[in-house]
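Trainee: One file is attached below, data-v5.pdb, containing PDB, C-alpha atoms.
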ATOM      1  CA  MET A   1      61.937 -21.609 -13.726
ATOM      2  CA  ALA A   2      58.670 -21.842 -15.636
ATOM      3  CA  PRO A   3      58.376 -20.538 -19.212
ATOM      4  CA  HIS A   4      57.371 -16.886 -19.708
ATOM      5  CA  ARG A   5      57.548 -16.164 -15.965
ATOM      6  CA  TRP A   6      59.193 -13.495 -13.836
ATOM      7  CA  VAL A   7      60.934 -14.175 -10.522
ATOM      8  CA  LEU A   8      62.740 -11.965  -8.036
ATOM      9  CA  ALA A   9      66.030 -13.101  -6.554
ATOM     10  CA  GLU A  10      68.256 -11.589  -3.883
ATOM     11  CA  SER A  11      72.052 -11.610  -3.839
ATOM     12  CA  LEU A  12      73.862 -13.418  -1.054
ATOM     13  CA  GLU A  13      76.397 -10.597  -0.957
ATOM     14  CA  THR A  14      75.804  -7.290   0.764
ATOM     15  CA  PHE A  15      77.283  -4.352  -1.146
ATOM     16  CA  TRP A  16      78.764  -1.226   0.484
ATOM     17  CA  MET A  17      79.577   1.063  -2.420
ATOM     18  CA  PRO A  18      82.139   3.816  -1.821
ATOM     19  CA  ASP A  19      81.167   7.349  -2.872
ATOM     20  CA  ASN A  20      83.447   7.131  -5.922
ATOM     21  CA  VAL A  21      82.439   3.686  -7.264
ATOM     22  CA  ALA A  22      79.389   2.646  -9.308
ATOM     23  CA  GLY A  23      78.390  -0.825 -10.441
ATOM     24  CA  GLN A  24      76.629  -2.391 -13.395
ATOM     25  CA  ILE A  25      74.831  -5.731 -12.993
ATOM     26  CA  LEU A  26      75.185  -8.160 -15.898
ATOM     27  CA  LEU A  27      73.682 -11.573 -16.589
ATOM     28  CA  LYS A  28      76.238 -14.344 -17.031
ATOM     29  CA  SER A  29      76.418 -15.359 -20.673
ATOM     30  CA  SER A  30      75.717 -19.037 -20.002
ATOM     31  CA  TYR A  31      72.255 -18.060 -18.734
ATOM     32  CA  ALA A  32      71.693 -15.526 -21.496
ATOM     33  CA  ARG A  33      72.263 -18.323 -24.010
ATOM     34  CA  LEU A  34      69.483 -20.287 -22.310
ATOM     35  CA  GLY A  35      67.019 -17.426 -22.822
ATOM     36  CA  LEU A  36      67.099 -15.947 -19.336
ATOM     37  CA  VAL A  37      66.669 -12.162 -19.209
ATOM     38  CA  LEU A  38      67.902  -9.950 -16.347
ATOM     39  CA  CYS A  39      66.337  -6.612 -15.482
ATOM     40  CA  ALA A  40      68.466  -4.794 -12.938
ATOM     41  CA  ALA A  41      69.395  -1.217 -12.189
ATOM     42  CA  ALA A  42      72.883   0.173 -11.783
ATOM     43  CA  ILE A  43      74.438   0.262  -8.327
ATOM     44  CA  ASP A  44      74.800   3.896  -7.307
ATOM     45  CA  PRO A  45      77.827   5.299  -5.490
ATOM     46  CA  GLY A  46      77.139   5.331  -1.752
ATOM     47  CA  TRP A  47      74.443   2.622  -1.914
ATOM     48  CA  ARG A  48      74.494  -0.334   0.431
ATOM     49  CA  GLY A  49      72.375  -3.463   0.661
ATOM     50  CA  ARG A  50      71.631  -6.684  -1.161
ATOM     51  CA  LEU A  51      70.837  -6.680  -4.853
ATOM     52  CA  VAL A  52      67.375  -7.641  -6.035
ATOM     53  CA  LEU A  53      67.429  -9.234  -9.469
ATOM     54  CA  GLU A  54      64.380  -9.477 -11.703
ATOM     55  CA  LEU A  55      64.670 -12.556 -13.926
ATOM     56  CA  PHE A  56      62.480 -13.548 -16.870
ATOM     57  CA  ASN A  57      62.406 -16.862 -18.725
ATOM     58  CA  ALA A  58      61.765 -15.902 -22.364
ATOM     59  CA  ASN A  59      61.437 -19.529 -23.491
ATOM     60  CA  ASP A  60      58.583 -21.925 -24.128
ATOM     61  CA  TYR A  61      60.326 -24.390 -21.795
ATOM     62  CA  SER A  62      61.556 -24.340 -18.188
ATOM     63  CA  ILE A  63      65.081 -23.335 -17.160
ATOM     64  CA  GLU A  64      66.779 -24.924 -14.162
ATOM     65  CA  LEU A  65      68.269 -22.436 -11.692
ATOM     66  CA  TYR A  66      70.243 -23.816  -8.774
ATOM     67  CA  PRO A  67      70.841 -22.298  -5.317
ATOM     68  CA  LEU A  68      74.281 -20.738  -4.826
ATOM     69  CA  GLU A  69      75.029 -20.826  -8.558
ATOM     70  CA  GLY A  70      75.640 -17.249  -9.677
ATOM     71  CA  VAL A  71      73.459 -15.954 -12.481
ATOM     72  CA  ALA A  72      74.855 -12.416 -12.520
ATOM     73  CA  GLN A  73      78.096 -10.516 -12.134
ATOM     74  CA  VAL A  74      78.938  -6.931 -11.274
ATOM     75  CA  GLN A  75      81.293  -4.593 -13.113
ATOM     76  CA  PHE A  76      82.704  -1.816 -10.945
ATOM     77  CA  PHE A  77      83.627   1.633 -12.227
ATOM     78  CA  ARG A  78      85.764   4.156 -10.368
ATOM     79  CA  LEU A  79      84.380   7.664 -10.832
ATOM     80  CA  ASN A  80      86.675  10.670 -11.060
ATOM     81  CA  ASN A  81      84.130  13.274  -9.984
ATOM     82  CA  PRO A  82      80.917  11.777  -8.617
ATOM     83  CA  GLU A  83      78.188  14.418  -8.742
ATOM     84  CA  LYS A  84      75.750  12.741  -6.385
ATOM     85  CA  THR A  85      75.789   9.628  -4.264
ATOM     86  CA  TYR A  86      72.849   7.553  -3.134
ATOM     87  CA  GLU A  87      73.090   9.306   0.236
ATOM     88  CA  THR A  88      72.851  12.809  -1.238
ATOM     89  CA  LYS A  89      70.084  12.373  -3.809
ATOM     90  CA  GLY A  90      66.389  12.111  -3.061
ATOM     91  CA  PRO A  91      64.712   9.699  -0.670
ATOM     92  CA  LYS A  92      66.847   6.700   0.215
ATOM     93  CA  ARG A  93      64.140   4.163  -0.507
ATOM     94  CA  TRP A  94      66.355   1.116  -0.988
ATOM     95  CA  GLN A  95      69.277   1.967   1.299
ATOM     96  CA  ALA A  96      70.384  -1.011   3.458
ATOM     97  CA  GLN A  97      67.681  -3.185   1.910
ATOM     98  CA  THR A  98      67.439  -6.791   3.026
ATOM     99  CA  GLY A  99      64.918  -9.138   1.492
ATOM    100  CA  ILE A 100      62.986  -8.807  -1.703
TER     101      ILE A 100
END
Represent the supplied structure as structure tokens.

Mentor:
Amino acid sequence: MAPHRWVLAESLETFWMPDNVAGQILLKSSYARLGLVLCAAAIDPGWRGRLVLELFNANDYSIELYPLEGVAQVQFFRLNNPEKTYETKGPKRWQAQTGI
């Protein structure tokens, strides 16, 4: 990945979030130590689709990224009383998204 450049990446996994589970997307520390930055939103309860990750190389040198080598991980949180799910709030712009 070229220095000071942004790229979009798509997860191989398709997520089907239950109405009582949310997710947080985190960059793996080995890539953070290389100067890679991840911009990603939370995964809302009730959302389904593939994740789109926005990656930035903050270095003055290139970083090697390899296919099928995970750069991110997801933490899941069980919610006691979810107020709204992706299905019940606003337009469902990214529901069942495939592709970047």

Trainee: Excluding Glu64 of chain A and residues on its chain fewer than 2 positions from it, collect all residues at most 9 Å away from it, counting only C-alpha atoms, and give them as a VMD selection string.

Mentor: chain A and resid 1 to 2 62 66

Trainee: For those residues, write C-alpha atoms to a file as a PDB file, in the frame of the given file.

Mentor:
ATOM      1  CA  MET A   1      61.937 -21.609 -13.726  1.00  0.00           C
ATOM      2  CA  ALA A   2      58.670 -21.842 -15.636  1.00  0.00           C
ATOM      3  CA  SER A  62      61.556 -24.340 -18.188  1.00  0.00           C
ATOM      4  CA  TYR A  66      70.243 -23.816  -8.774  1.00  0.00           C
TER       5      TYR A  66
END

Trainee: Would you mind telling me which residue in A:Gln24, A:Asn81, A:Asn57, A:Gln75 lies nearest to Ala40 of chain A when using all atoms listed in the file?

Mentor: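 The answer is A:Gln24, which sits nearest to Ala40 of chain A.
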
Trainee: May I have the residues within 12 Å of Pro3 of chain A as JSON, numbers by chain, using all atoms listed in the file and disregarding those fewer than 2 positions away in the same chain?

Mentor: {"A": [1, 5, 6, 7, 34, 35, 36, 37, 55, 56, 57, 58, 59, 60, 61, 62, 63, 64]}

Trainee: One decimal, in Å: what's the spacing between atom CA of Trp16 of chain A and atom CA of Asn80 of chain A?

Mentor: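 Separating atom CA of Trp16 of chain A from atom CA of Asn80 of chain A is a distance of 18.4 Å.
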
Trainee: Considering all atoms listed in the file, can you say which of A:Leu53, A:Ile43, A:Leu65, A:Val74 comes closest to Ala22 of chain A?

Mentor: A:Ile43

Trainee: Would you compute the distance between atom CA of Gly70 of chain A and atom CA of Thr14 of chain A? Give it in Å to one decimal.

Mentor: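 Taking atom CA of Gly70 of chain A and atom CA of Thr14 of chain A, their separation equals 14.4 Å.
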
Trainee: What is the distance between atom CA of Leu38 of chain A and atom CA of Leu26 of chain A, in Å to one decimal?

Mentor: 7.5 Å

Trainee: May I ask which of the residues A:Arg48, A:Leu12, A:Ala72, A:Glu54 is the closest one to Ser29 of chain A, counting all atoms listed in the file?

Mentor: A:Ala72

Trainee: Any chance you could resolve the PyMOL selection byres ((chain A and resi 44) around 8) against this file and give the residues as a PyMOL selection string?

Mentor: chain A and resi 17+21-23+42-43+45-47+85-86

Trainee: With distances taken over only C-alpha atoms, which residue among A:Leu68, A:Ile25, A:Cys39, A:Val52 lies nearest Leu8 of chain A?

Mentor: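 Nearest to Leu8 of chain A: A:Val52.
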
Trainee: Taking only C-alpha atoms into account, name the residue in A:His4, A:Leu27, A:Ser11, A:Asn20 that is nearest to Phe77 of chain A.

Mentor: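 Among the listed residues, the smallest separation from Phe77 of chain A belongs to A:Asn20.
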
Trainee: Would you please work out which residue, of A:Arg50, A:Arg78, A:Ser30, A:Gln73, is nearest to Ala9 of chain A when using all atoms listed in the file?

Mentor: A:Arg50

Trainee: Starting from the block above, write segment 66-79 of chain A out to a file with all heavy atoms, as a PDB file, in the first residue's frame, please.

Mentor:
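Wrote it out as out14.pdb, contents follow:
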ATOM      1  N   TYR A  66      -1.453  -8.417   2.372  1.00  0.00           N
ATOM      2  CA  TYR A  66      -1.571  -9.658   1.627  1.00  0.00           C
ATOM      3  C   TYR A  66      -3.015 -10.156   1.625  1.00  0.00           C
ATOM      4  O   TYR A  66      -3.712 -10.054   2.638  1.00  0.00           O
ATOM      5  CB  TYR A  66      -0.662 -10.727   2.238  1.00  0.00           C
ATOM      6  CG  TYR A  66       0.790 -10.323   2.225  1.00  0.00           C
ATOM      7  CD1 TYR A  66       1.378  -9.759   3.356  1.00  0.00           C
ATOM      8  CD2 TYR A  66       1.543 -10.472   1.080  1.00  0.00           C
ATOM      9  CE1 TYR A  66       2.710  -9.368   3.341  1.00  0.00           C
ATOM     10  CE2 TYR A  66       2.880 -10.078   1.055  1.00  0.00           C
ATOM     11  CZ  TYR A  66       3.454  -9.527   2.185  1.00  0.00           C
ATOM     12  OH  TYR A  66       4.758  -9.134   2.161  1.00  0.00           O
ATOM     13  N   PRO A  67      -3.463 -10.723   0.493  1.00  0.00           N
ATOM     14  CA  PRO A  67      -4.824 -11.270   0.432  1.00  0.00           C
ATOM     15  C   PRO A  67      -5.022 -12.355   1.489  1.00  0.00           C
ATOM     16  O   PRO A  67      -4.094 -13.121   1.787  1.00  0.00           O
ATOM     17  CB  PRO A  67      -4.910 -11.870  -0.971  1.00  0.00           C
ATOM     18  CG  PRO A  67      -3.822 -11.226  -1.748  1.00  0.00           C
ATOM     19  CD  PRO A  67      -2.744 -10.875  -0.759  1.00  0.00           C
ATOM     20  N   LEU A  68      -6.192 -12.390   2.054  1.00  0.00           N
ATOM     21  CA  LEU A  68      -6.613 -13.394   3.040  1.00  0.00           C
ATOM     22  C   LEU A  68      -5.900 -13.277   4.382  1.00  0.00           C
ATOM     23  O   LEU A  68      -6.054 -14.132   5.237  1.00  0.00           O
ATOM     24  CB  LEU A  68      -6.467 -14.820   2.488  1.00  0.00           C
ATOM     25  CG  LEU A  68      -7.199 -15.102   1.181  1.00  0.00           C
ATOM     26  CD1 LEU A  68      -6.925 -16.517   0.717  1.00  0.00           C
ATOM     27  CD2 LEU A  68      -8.689 -14.864   1.322  1.00  0.00           C
ATOM     28  N   GLU A  69      -5.097 -12.246   4.569  1.00  0.00           N
ATOM     29  CA  GLU A  69      -4.464 -12.016   5.865  1.00  0.00           C
ATOM     30  C   GLU A  69      -5.272 -10.938   6.574  1.00  0.00           C
ATOM     31  O   GLU A  69      -5.337  -9.812   6.114  1.00  0.00           O
ATOM     32  CB  GLU A  69      -3.021 -11.566   5.682  1.00  0.00           C
ATOM     33  CG  GLU A  69      -2.275 -11.457   6.986  1.00  0.00           C
ATOM     34  CD  GLU A  69      -0.809 -11.148   6.756  1.00  0.00           C
ATOM     35  OE1 GLU A  69      -0.103 -12.008   6.210  1.00  0.00           O
ATOM     36  OE2 GLU A  69      -0.390 -10.050   7.114  1.00  0.00           O
ATOM     37  N   GLY A  70      -5.906 -11.283   7.670  1.00  0.00           N
ATOM     38  CA  GLY A  70      -6.797 -10.352   8.357  1.00  0.00           C
ATOM     39  C   GLY A  70      -6.090  -9.116   8.884  1.00  0.00           C
ATOM     40  O   GLY A  70      -5.043  -9.223   9.509  1.00  0.00           O
ATOM     41  N   VAL A  71      -6.660  -7.969   8.619  1.00  0.00           N
ATOM     42  CA  VAL A  71      -6.113  -6.719   9.153  1.00  0.00           C
ATOM     43  C   VAL A  71      -6.961  -6.184  10.302  1.00  0.00           C
ATOM     44  O   VAL A  71      -6.535  -5.301  11.024  1.00  0.00           O
ATOM     45  CB  VAL A  71      -5.962  -5.623   8.068  1.00  0.00           C
ATOM     46  CG1 VAL A  71      -4.981  -6.051   6.996  1.00  0.00           C
ATOM     47  CG2 VAL A  71      -7.293  -5.243   7.478  1.00  0.00           C
ATOM     48  N   ALA A  72      -8.168  -6.727  10.447  1.00  0.00           N
ATOM     49  CA  ALA A  72      -9.082  -6.217  11.477  1.00  0.00           C
ATOM     50  C   ALA A  72      -9.726  -7.375  12.223  1.00  0.00           C
ATOM     51  O   ALA A  72      -9.681  -8.526  11.793  1.00  0.00           O
ATOM     52  CB  ALA A  72     -10.148  -5.342  10.842  1.00  0.00           C
ATOM     53  N   GLN A  73     -10.322  -7.025  13.355  1.00  0.00           N
ATOM     54  CA  GLN A  73     -11.075  -7.993  14.147  1.00  0.00           C
ATOM     55  C   GLN A  73     -12.321  -7.302  14.680  1.00  0.00           C
ATOM     56  O   GLN A  73     -12.385  -6.082  14.718  1.00  0.00           O
ATOM     57  CB  GLN A  73     -10.219  -8.545  15.276  1.00  0.00           C
ATOM     58  CG  GLN A  73      -9.616  -7.488  16.168  1.00  0.00           C
ATOM     59  CD  GLN A  73      -8.478  -8.043  17.003  1.00  0.00           C
ATOM     60  OE1 GLN A  73      -8.165  -9.217  16.977  1.00  0.00           O
ATOM     61  NE2 GLN A  73      -7.843  -7.177  17.769  1.00  0.00           N
ATOM     62  N   VAL A  74     -13.295  -8.084  15.067  1.00  0.00           N
ATOM     63  CA  VAL A  74     -14.557  -7.536  15.549  1.00  0.00           C
ATOM     64  C   VAL A  74     -14.783  -7.972  16.992  1.00  0.00           C
ATOM     65  O   VAL A  74     -14.622  -9.151  17.318  1.00  0.00           O
ATOM     66  CB  VAL A  74     -15.749  -7.992  14.677  1.00  0.00           C
ATOM     67  CG1 VAL A  74     -17.060  -7.451  15.209  1.00  0.00           C
ATOM     68  CG2 VAL A  74     -15.543  -7.554  13.229  1.00  0.00           C
ATOM     69  N   GLN A  75     -15.130  -7.003  17.834  1.00  0.00           N
ATOM     70  CA  GLN A  75     -15.581  -7.304  19.195  1.00  0.00           C
ATOM     71  C   GLN A  75     -17.097  -7.253  19.182  1.00  0.00           C
ATOM     72  O   GLN A  75     -17.685  -6.314  18.626  1.00  0.00           O
ATOM     73  CB  GLN A  75     -15.091  -6.240  20.178  1.00  0.00           C
ATOM     74  CG  GLN A  75     -13.705  -6.417  20.653  1.00  0.00           C
ATOM     75  CD  GLN A  75     -13.373  -5.364  21.703  1.00  0.00           C
ATOM     76  OE1 GLN A  75     -13.741  -4.209  21.582  1.00  0.00           O
ATOM     77  NE2 GLN A  75     -12.673  -5.777  22.741  1.00  0.00           N
ATOM     78  N   PHE A  76     -17.726  -8.242  19.781  1.00  0.00           N
ATOM     79  CA  PHE A  76     -19.186  -8.298  19.844  1.00  0.00           C
ATOM     80  C   PHE A  76     -19.656  -7.971  21.258  1.00  0.00           C
ATOM     81  O   PHE A  76     -19.042  -8.387  22.230  1.00  0.00           O
ATOM     82  CB  PHE A  76     -19.681  -9.688  19.441  1.00  0.00           C
ATOM     83  CG  PHE A  76     -19.359 -10.031  18.006  1.00  0.00           C
ATOM     84  CD1 PHE A  76     -18.256 -10.814  17.698  1.00  0.00           C
ATOM     85  CD2 PHE A  76     -20.144  -9.554  16.976  1.00  0.00           C
ATOM     86  CE1 PHE A  76     -17.942 -11.127  16.393  1.00  0.00           C
ATOM     87  CE2 PHE A  76     -19.845  -9.859  15.656  1.00  0.00           C
ATOM     88  CZ  PHE A  76     -18.741 -10.649  15.366  1.00  0.00           C
ATOM     89  N   PHE A  77     -20.764  -7.236  21.324  1.00  0.00           N
ATOM     90  CA  PHE A  77     -21.342  -6.832  22.600  1.00  0.00           C
ATOM     91  C   PHE A  77     -22.821  -7.210  22.632  1.00  0.00           C
ATOM     92  O   PHE A  77     -23.579  -6.809  21.748  1.00  0.00           O
ATOM     93  CB  PHE A  77     -21.222  -5.313  22.797  1.00  0.00           C
ATOM     94  CG  PHE A  77     -19.801  -4.827  22.776  1.00  0.00           C
ATOM     95  CD1 PHE A  77     -19.225  -4.375  21.605  1.00  0.00           C
ATOM     96  CD2 PHE A  77     -19.035  -4.844  23.930  1.00  0.00           C
ATOM     97  CE1 PHE A  77     -17.912  -3.932  21.580  1.00  0.00           C
ATOM     98  CE2 PHE A  77     -17.720  -4.406  23.922  1.00  0.00           C
ATOM     99  CZ  PHE A  77     -17.165  -3.952  22.739  1.00  0.00           C
ATOM    100  N   ARG A  78     -23.195  -7.975  23.653  1.00  0.00           N
ATOM    101  CA  ARG A  78     -24.611  -8.306  23.836  1.00  0.00           C
ATOM    102  C   ARG A  78     -25.280  -7.129  24.533  1.00  0.00           C
ATOM    103  O   ARG A  78     -24.797  -6.622  25.542  1.00  0.00           O
ATOM    104  CB  ARG A  78     -24.771  -9.564  24.669  1.00  0.00           C
ATOM    105  CG  ARG A  78     -26.248  -9.943  24.843  1.00  0.00           C
ATOM    106  CD  ARG A  78     -26.438 -11.279  25.479  1.00  0.00           C
ATOM    107  NE  ARG A  78     -25.981 -12.292  24.541  1.00  0.00           N
ATOM    108  CZ  ARG A  78     -25.316 -13.383  24.897  1.00  0.00           C
ATOM    109  NH1 ARG A  78     -25.028 -13.616  26.150  1.00  0.00           N
ATOM    110  NH2 ARG A  78     -24.941 -14.260  23.995  1.00  0.00           N
ATOM    111  N   LEU A  79     -26.396  -6.696  24.003  1.00  0.00           N
ATOM    112  CA  LEU A  79     -27.127  -5.548  24.542  1.00  0.00           C
ATOM    113  C   LEU A  79     -28.306  -6.039  25.367  1.00  0.00           C
ATOM    114  O   LEU A  79     -29.043  -6.933  24.946  1.00  0.00           O
ATOM    115  CB  LEU A  79     -27.622  -4.661  23.401  1.00  0.00           C
ATOM    116  CG  LEU A  79     -26.557  -4.222  22.392  1.00  0.00           C
ATOM    117  CD1 LEU A  79     -27.190  -3.471  21.241  1.00  0.00           C
ATOM    118  CD2 LEU A  79     -25.495  -3.377  23.071  1.00  0.00           C
TER     119      LEU A  79
END
